Every structure is written in structure tokens, then in C-alpha cells.
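Single-structure report; data block below.
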Number of protein chains: 2
Amino acid sequence: MQERIRVGVIGIGAMGMGIAKCLRAKGYAVSVRDVRPEAEHEAASLGMTVCETPARMAAQVDALIVVVLNAQQIDDVLFGDQGVAQGIAEAVVESAAQPGTRRTVLLCSTIAPEDSVRFAERLAQTGIDCLDAPISGGPAKAEAGTMSMMLAGSAVTLDRCEQLLADMSGRRFRISEKVGDGARTKLVNNLLAGTNLVAGAEALALGIKLGLDPKRLFDVICASSGSSWIFEDRMARALENDYAPRAFAHILTKDMTLATGMADSAGYDTPLGDAALGIYRETLERGWADLDDAAVLKTFLKRRGKEQEG
Amino acid sequence: MQERIRVGVIGIGAMGMGIAKCLRAKGYAVSVRDVRPEAEHEAASLGMTVCETPARMAAQVDALIVVVLNAQQIDDVLFGDQGVAQGIAEAVVESAAQPGTRRTVLLCSTIAPEDSVRFAERLAQTGIDCLDAPISGGPAKAEAGTMSMMLAGSAVTLDRCEQLLADMSGRRFRISEKVGDGARTKLVNNLLAGTNLVAGAEALALGIKLGLDPKRLFDVICASSGSSWIFEDRMARALENDYAPRAFAHILTKDMTLATGMADSAGYDTPLGDAALGIYRETLERGWADLDDAAVLKTFLKRRGKEQEG
């Protein structure tokens, strides 16, 4: 059997745990790190190595898969006290690191492109390669190794990681060699998914307001020109009044904020994205941040018409 | 061979001609009427009977399929001079109409629900049954007999027309027995399709603005959570710079205007639909009314960002 590279997963929430389980099941030696002890206990029970700090993990693995929530958390685990950079520096001093070994950080969180670029530049100064590698598909696909990845980084680094990437994902898009383009692609996709979801909720709630049968209307739309992937996925469970979170409302709100901010920085106007973001913010204000993002339907059902406002 | 009911199609534009060709190919005796002589010539060359007026057609057929552009045109063909109602009244006087024959008007245009209701009520006074029967799927499916229909009307009338409806369409949704619910369902679907299209154009143009490769981005989105039926259909040709009209930009603008007006009348707020309608209006203002509705992408590519405006 070919010797596999040693991998570490930092941030074993729904997606990170799925990736860790997938790679463990495929025979990789998997190290993990999370701020929540219960997640680390679960990982240990599955034969993974729990590392006390990102620094310790960094000295022991070849590839570091970072799947934490946001750029601030990435900054902390990479460059904070007991972070990855510190761990590598110490390992080099202690000669624990094999000479010639190239370590790679895979940035899998959904973050702003300027953050991907900033992290990659700073990692390069420490001799660490970086892939801008956002993921898509949800926890079940992560665990099955069938999620999608949007990859940006040098061809050399991408080629070196090809086997690992193939083991993690069902579909890989090589976006470009420019770190940041993975994040840009992911945010554009999520902007559209988030907007399609709000548009679907707006239309469905309108039909309900007009007295149409919700499930019949849903079936008609799914078979007609109004259909979208996220409409079918989310509204099916919303119509069962099932708002248990597969994808938290606050996550898509964060993604929409990043995406509209990215557009703003480029001097580009996103009127639909802005309107959709307004509905996510209203959903959070109503206290539904930890419900599924399908809860935007509840927001429309609660809203009153223009004429009744103010 | 079972004797088929005699059908007339008023309005042989792209959809109406598709329906007429489909029924003719299936052996129906088909009468047609259009304001454009070239459309009538084409129909005649295909073995259809051209009627000089809706009144003459009304006396000769059992089912009248109305596929004109808007409510004003329906009003004219049904109740105007030499219209359907006048034709029926004269036929009854002349005993040309067989006693006991029930005539049915199928309203297939996309119109406001209150117009469907108004037309059905007025037709009932003339002894004519009415189905609120919007259609979906485009000219190719109309001609193949595989389009969808959203049907509302009395069960008796629906049952009587079942064979004709089955010959016209691949999928039939019986929405309710209440005329108007077909129009409501169609407008809700088109509101969502129209909004998804603008959202897709907004996202794709953002990616282009950010320097991403347009076709690669399109492929990623089609395989990811941002995908929608209309995004895949329209943006595929927009990226080939092909704006030849399969669906005119002005038609979807009309549908969006009707849909947001319907919501407004119900005291319901549609922030995304309103934002999308703004983009359609801008597209028309740019002189692209007769291009394909995919031209909303051109509008986003032409738009400048907020910071550069004013």
C-alpha cells in the first residue's frame, strides 16, 4: 500500500468532521483539533489523534485542512499563540521536521478573497504552501468524499495534493493558479444560492397568501421554469415545518455579507443580493439564527405587506 | 377513429402556432386566427382553416384556445366587434350551433387572475364555459405536445376537455376548481423564474467583473448550490453572446409587472421581485425589448457600480 501523507483537520464541525471521517475511513492517519471537547472526544473514539494545539499538529502532519468558521478563527489557528506558524518554526529548530518536506495548508472555509491572499502570503514567509480550497455540498457529501472543491493555487502544489484532494471530493474545479479565485468563485455561487433561496421563499409565501395549496404550488414550480436546486432542497422541508438546521441561517447570512462586501469593494452593484441579505438579517433579528436557512420562508409568512407597514 | 372535437386557435405566435401544429399533426381539424397575415398563410399551408374573424371561428368549433399576448387582446377577441361572443349569439339565432353543444374557451395567455375571473363570468353569461389554463415550456414543447398546463375551472369542464388537454400537453396540473388560480400559479412561477434569471445574471456578471473565467464559473455554478433551471438555460446562450429571442425580454417584463401587481393588490411585499423588475425595465430602456430575456446579463455587464453612479 502506498504511504499516504499525514493529514490534520482543524475545526471539526459538521463539514470538518465529515472530511476527517472520510479520510480516516480511507486509511489516512488523521489528526484533529477543535475548541469543543465533545467534538474531540468523538474524533478520538473513531481512531483519530487529538492534538492539544494547532502548533503540535503542524509539526506532525503534511497537510493541514482548515475548516473553521471564519477568517478571524483562521488567523488565530495559523498565526496566533500556539498556532500553526509557531509550531512549524519550533519543529524546524528541533529538527523534528524532515528536511525537504513541503507542508500545505488547505483553506476550506468560506472567506473573503483578500483574506485567502493575506493568509497565503504570510504562510509563504514561513515556508508553507497554501491552497485556496472552498468546499461545497454539505456534511453528508463531505463524509462520503463526494463534495465539490473550488481550487486555486500553484499547479505544483495542486499536483502534489492531487491524491488527497481526490480522496476528499467527488468533483474538483481548478479555478486558476491565483489564490483568492477559489474564494471568489465560492462567494459568487453562495450569493446566487442565497438569493435563489429568498426568491423561492418570497414566491411560495405569495402563493400561500393568495390562497393556493402550498404543496401543489411547490410541485408545479419544481416541474416548471421557476425551479432551482436550493428551492427544491430547502422548501421541501420548510413545507413540512421542519427547520432543524442542516445549514444554519447565520452561516448563509455570513456568506451573503461577505459576497455583497466583495462586490462593493469591486464597485459592483448587487441589488438582488442586497435585498436577499435584508431578508436574512430580518430572519436573524426574529431569533432564528440557529434554525435551518429555510427559515426565510417563515420570515415572509410573518411579514406584512407594504400597505400595512409604518 | 374517434371523432375529435373541432378546435380553434386565436393568436398563432410562437406558442399558439406550436399548439396548432401539434393538434393538426394529431388529426384535429384546426381553425386559426391572427392579426398577422404571414402567420395565417403559414397555417393555411399546413392544412389549417383560416377564419376571418373570431366570430366566424366561434360558430365552427367546440374549443377555442386563446393564446394572444395580453388581457386587452383577449377582451377584443372575445367581446369586441366580430368577437367570439358576437359569433356565438349570431350562430344561435341562425341555428347553426347544434343544440346542447357546450363550447369552451381555454385562456392560455399569462394574465392577471382578476382578468381570468372577469372573462369567465362574462363568457358564462353567453353560455360559454371557460378554463383558466396557462401554459409553460416554450414553443418547441408546445409543438411536441409536451408543454405543461396549470388548470383551473369546474371539474365537469375539465373532464369534458381531458382528451384535448392530454393531446396538447405532457403534464397537467389541476390547481383548483376556481378560475383565477391557474393565473395565480403561473404568475407566482414566472415571478420566481424571472427573479432567478436576474439573480443568476447578477452573480455571473459579478464573477466576470472579479476576473473569473465566465465559462468555468458557469460550469461550477451549474454543478453547485447556485444552480437553477433558468440560469442553466439562459446563461448558456448568453455566454455564447447569443441573444436571439426564444423568449422576448418584454414578455417576462410584462409577467413580472403582472406578478408584482398581483402581490401589491394582496398587500404582500416582494422585495426581490421588485428589484428584478427594475433590471428588466432597465433592459428595455436600453433598447433590448426584442432580444432574448437572457439580455439581463448585458444589462449587468453595462451597469456601473454604486460608487461610480450619480
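Every chain in the C-alpha cells has a letter given in the order shown (A, B, ...), and although residue numbers restart at 1 in each chain, ligands are simply numbered from 1 in the order shown.
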Output the contact residues of chain B with respect to chain A at a cut-off of 6 Å, based on only C-alpha atoms, as a compact mmCIF listing (two decimals) with N, CA and C atoms, in the first residue's frame.
```txt
# COMPACT_ATOMS: atom_id res chain seq x y z
N VAL B 188 -46.98 33.29 -10.08
CA VAL B 188 -46.03 33.01 -9.00
C VAL B 188 -44.80 32.30 -9.57
N ASN B 189 -45.03 31.31 -10.45
CA ASN B 189 -43.90 30.62 -11.07
C ASN B 189 -43.04 31.58 -11.90
N LEU B 192 -40.88 33.88 -9.91
CA LEU B 192 -39.68 33.20 -9.40
C LEU B 192 -38.67 32.95 -10.53
N ALA B 193 -39.15 32.50 -11.68
CA ALA B 193 -38.24 32.27 -12.81
C ALA B 193 -37.55 33.58 -13.19
N ASN B 196 -35.02 34.49 -10.48
CA ASN B 196 -33.84 33.61 -10.56
C ASN B 196 -32.94 33.99 -11.74
N ALA B 203 -24.97 37.48 -10.48
CA ALA B 203 -23.85 36.72 -9.94
C ALA B 203 -22.78 36.46 -11.01
N ILE B 221 -21.11 26.79 -11.09
CA ILE B 221 -22.43 27.10 -10.52
C ILE B 221 -23.45 26.03 -10.92
N SER B 225 -24.65 24.70 -5.53
CA SER B 225 -25.92 25.09 -4.90
C SER B 225 -26.57 26.30 -5.54
N GLY B 226 -25.84 27.04 -6.38
CA GLY B 226 -26.41 28.23 -7.01
C GLY B 226 -27.21 27.93 -8.28
N SER B 227 -27.30 26.66 -8.66
CA SER B 227 -27.92 26.35 -9.95
C SER B 227 -29.44 26.52 -9.94
N SER B 228 -29.97 26.90 -11.07
CA SER B 228 -31.42 26.95 -11.26
C SER B 228 -31.70 26.61 -12.72
N TRP B 229 -32.94 26.21 -12.98
CA TRP B 229 -33.29 25.81 -14.34
C TRP B 229 -33.04 26.96 -15.32
N GLY B 267 -51.61 43.09 -0.79
CA GLY B 267 -50.94 43.68 0.36
C GLY B 267 -49.70 42.91 0.76
N TYR B 268 -49.03 42.31 -0.24
CA TYR B 268 -47.86 41.48 0.03
C TYR B 268 -46.65 42.11 -0.63
N ASP B 269 -45.55 42.12 0.11
CA ASP B 269 -44.33 42.79 -0.33
C ASP B 269 -43.39 41.79 -1.02
N LEU B 272 -37.53 41.11 -3.68
CA LEU B 272 -36.66 40.57 -4.73
C LEU B 272 -37.30 40.70 -6.11
N ALA B 275 -36.91 44.25 -7.21
CA ALA B 275 -35.53 44.54 -7.65
C ALA B 275 -35.28 43.93 -9.04
N GLY B 305 -20.86 50.36 -11.02
CA GLY B 305 -21.10 50.18 -9.59
C GLY B 305 -21.69 51.42 -8.95
N LYS B 306 -22.19 51.21 -7.74
CA LYS B 306 -22.82 52.30 -6.98
C LYS B 306 -21.92 53.52 -6.88
N GLU B 307 -20.62 53.24 -6.60
CA GLU B 307 -19.71 54.35 -6.32
C GLU B 307 -19.51 55.26 -7.52
```
### Task
Assign secondary structure with DSSP using the backbone only, and return the residues of segment 55-288 of chain B in strand (DSSP E or B) as number ranges by chain.
B: 63-66, 104-107, 129-132, 135-136, 147-152, 169-176, 228, 248
## Note on the structure
As a check of understanding: the span from atom CA of Ala244 of chain B to atom CA of Trp288 of chain B is 10.8 Å
### Query
Can you list, as JSON, numbers by chain, every residue of segment 70-291 of chain B that DSSP puts in alpha helix (DSSP H)?
{"B": [71, 72, 73, 74, 75, 76, 77, 78, 79, 84, 85, 86, 87, 88, 89, 90, 91, 92, 93, 113, 114, 115, 116, 117, 118, 119, 120, 121, 122, 123, 124, 125, 139, 140, 141, 142, 143, 144, 155, 156, 157, 158, 159, 160, 162, 163, 164, 165, 166, 167, 168, 181, 182, 183, 184, 185, 186, 187, 188, 189, 190, 191, 192, 193, 194, 195, 196, 197, 198, 199, 200, 201, 202, 203, 204, 205, 206, 207, 208, 209, 214, 215, 216, 217, 218, 219, 220, 221, 222, 229, 230, 231, 232, 233, 234, 235, 236, 237, 238, 249, 250, 251, 252, 253, 254, 255, 256, 257, 258, 259, 260, 261, 262, 263, 264, 265, 271, 272, 273, 274, 275, 276, 277, 278, 279, 280, 281, 282, 283, 284, 285]}
### Query
Near Met48 of chain A, counting only C-alpha atoms, which residues have an atom at most 8 Å away, once you skip same-chain residues fewer than 6 positions from it, shown as number ranges by chain?
A: 24, 29-32
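We find atom CA of Arg33 of chain B and atom CA of Ala89 of chain B to be spaced 19.1 Å apart.
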### Message
List as a PyMOL selection string the protein and nucleic acid residues near Asp129 of chain B, meaning an atom at most 12 Å away when only C-alpha atoms are counted, but skip any in the same chain fewer than 6 places from it.
### Response
chain B and resi 62-64+85+101-107+117+119-123+152-158+160-161+179
### Task
Name the residues in contact with Leu23 of chain B at a cut-off of 12 Å, using only C-alpha atoms, excluding same-chain residues fewer than 3 positions from it; report them as number ranges by chain.
B: 4-9, 16-20, 26-32, 46-48, 65, 142-146, 163-169
### Shell of 8 Å around Thr299 of chain A, only C-alpha atoms, local chain residues under 6 positions omitted, as a list in words
Ile279, Glu282, Thr283 and Arg286 of chain A
Restrict the selected residues to all heavy atoms and save them as a JSON list (two decimals), in the first residue's frame.
```json
[["chain", "number", "residue", "atom", "x", "y", "z"],
["A", 279, "ILE", "N", -33.40, 40.12, 3.98],
["A", 279, "ILE", "CA", -34.32, 39.09, 4.50],
["A", 279, "ILE", "C", -33.58, 38.16, 5.47],
["A", 279, "ILE", "O", -34.14, 37.75, 6.50],
["A", 279, "ILE", "CB", -34.95, 38.29, 3.34],
["A", 279, "ILE", "CG1", -35.73, 39.21, 2.39],
["A", 279, "ILE", "CG2", -35.83, 37.17, 3.89],
["A", 279, "ILE", "CD1", -36.92, 39.91, 3.03],
["A", 282, "GLU", "N", -33.28, 40.05, 8.70],
["A", 282, "GLU", "CA", -34.58, 40.06, 9.38],
["A", 282, "GLU", "C", -34.84, 38.71, 10.04],
["A", 282, "GLU", "O", -35.38, 38.64, 11.15],
["A", 282, "GLU", "CB", -35.68, 40.39, 8.35],
["A", 282, "GLU", "CG", -37.03, 40.65, 8.98],
["A", 282, "GLU", "CD", -38.09, 41.02, 7.95],
["A", 282, "GLU", "OE1", -37.75, 41.61, 6.90],
["A", 282, "GLU", "OE2", -39.27, 40.71, 8.20],
["A", 283, "THR", "N", -34.42, 37.63, 9.37],
["A", 283, "THR", "CA", -34.60, 36.28, 9.92],
["A", 283, "THR", "C", -33.81, 36.12, 11.22],
["A", 283, "THR", "O", -34.29, 35.56, 12.21],
["A", 283, "THR", "CB", -34.17, 35.24, 8.87],
["A", 283, "THR", "OG1", -34.92, 35.45, 7.67],
["A", 283, "THR", "CG2", -34.39, 33.81, 9.36],
["A", 286, "ARG", "N", -35.34, 37.99, 14.07],
["A", 286, "ARG", "CA", -36.51, 37.31, 14.63],
["A", 286, "ARG", "C", -36.09, 36.16, 15.56],
["A", 286, "ARG", "O", -36.93, 35.43, 16.07],
["A", 286, "ARG", "CB", -37.39, 36.77, 13.50],
["A", 286, "ARG", "CG", -38.14, 37.86, 12.75],
["A", 286, "ARG", "CD", -38.97, 37.30, 11.61],
["A", 286, "ARG", "NE", -39.57, 38.37, 10.82],
["A", 286, "ARG", "CZ", -40.71, 38.99, 11.10],
["A", 286, "ARG", "NH1", -41.41, 38.61, 12.16],
["A", 286, "ARG", "NH2", -41.17, 39.94, 10.34]]
```
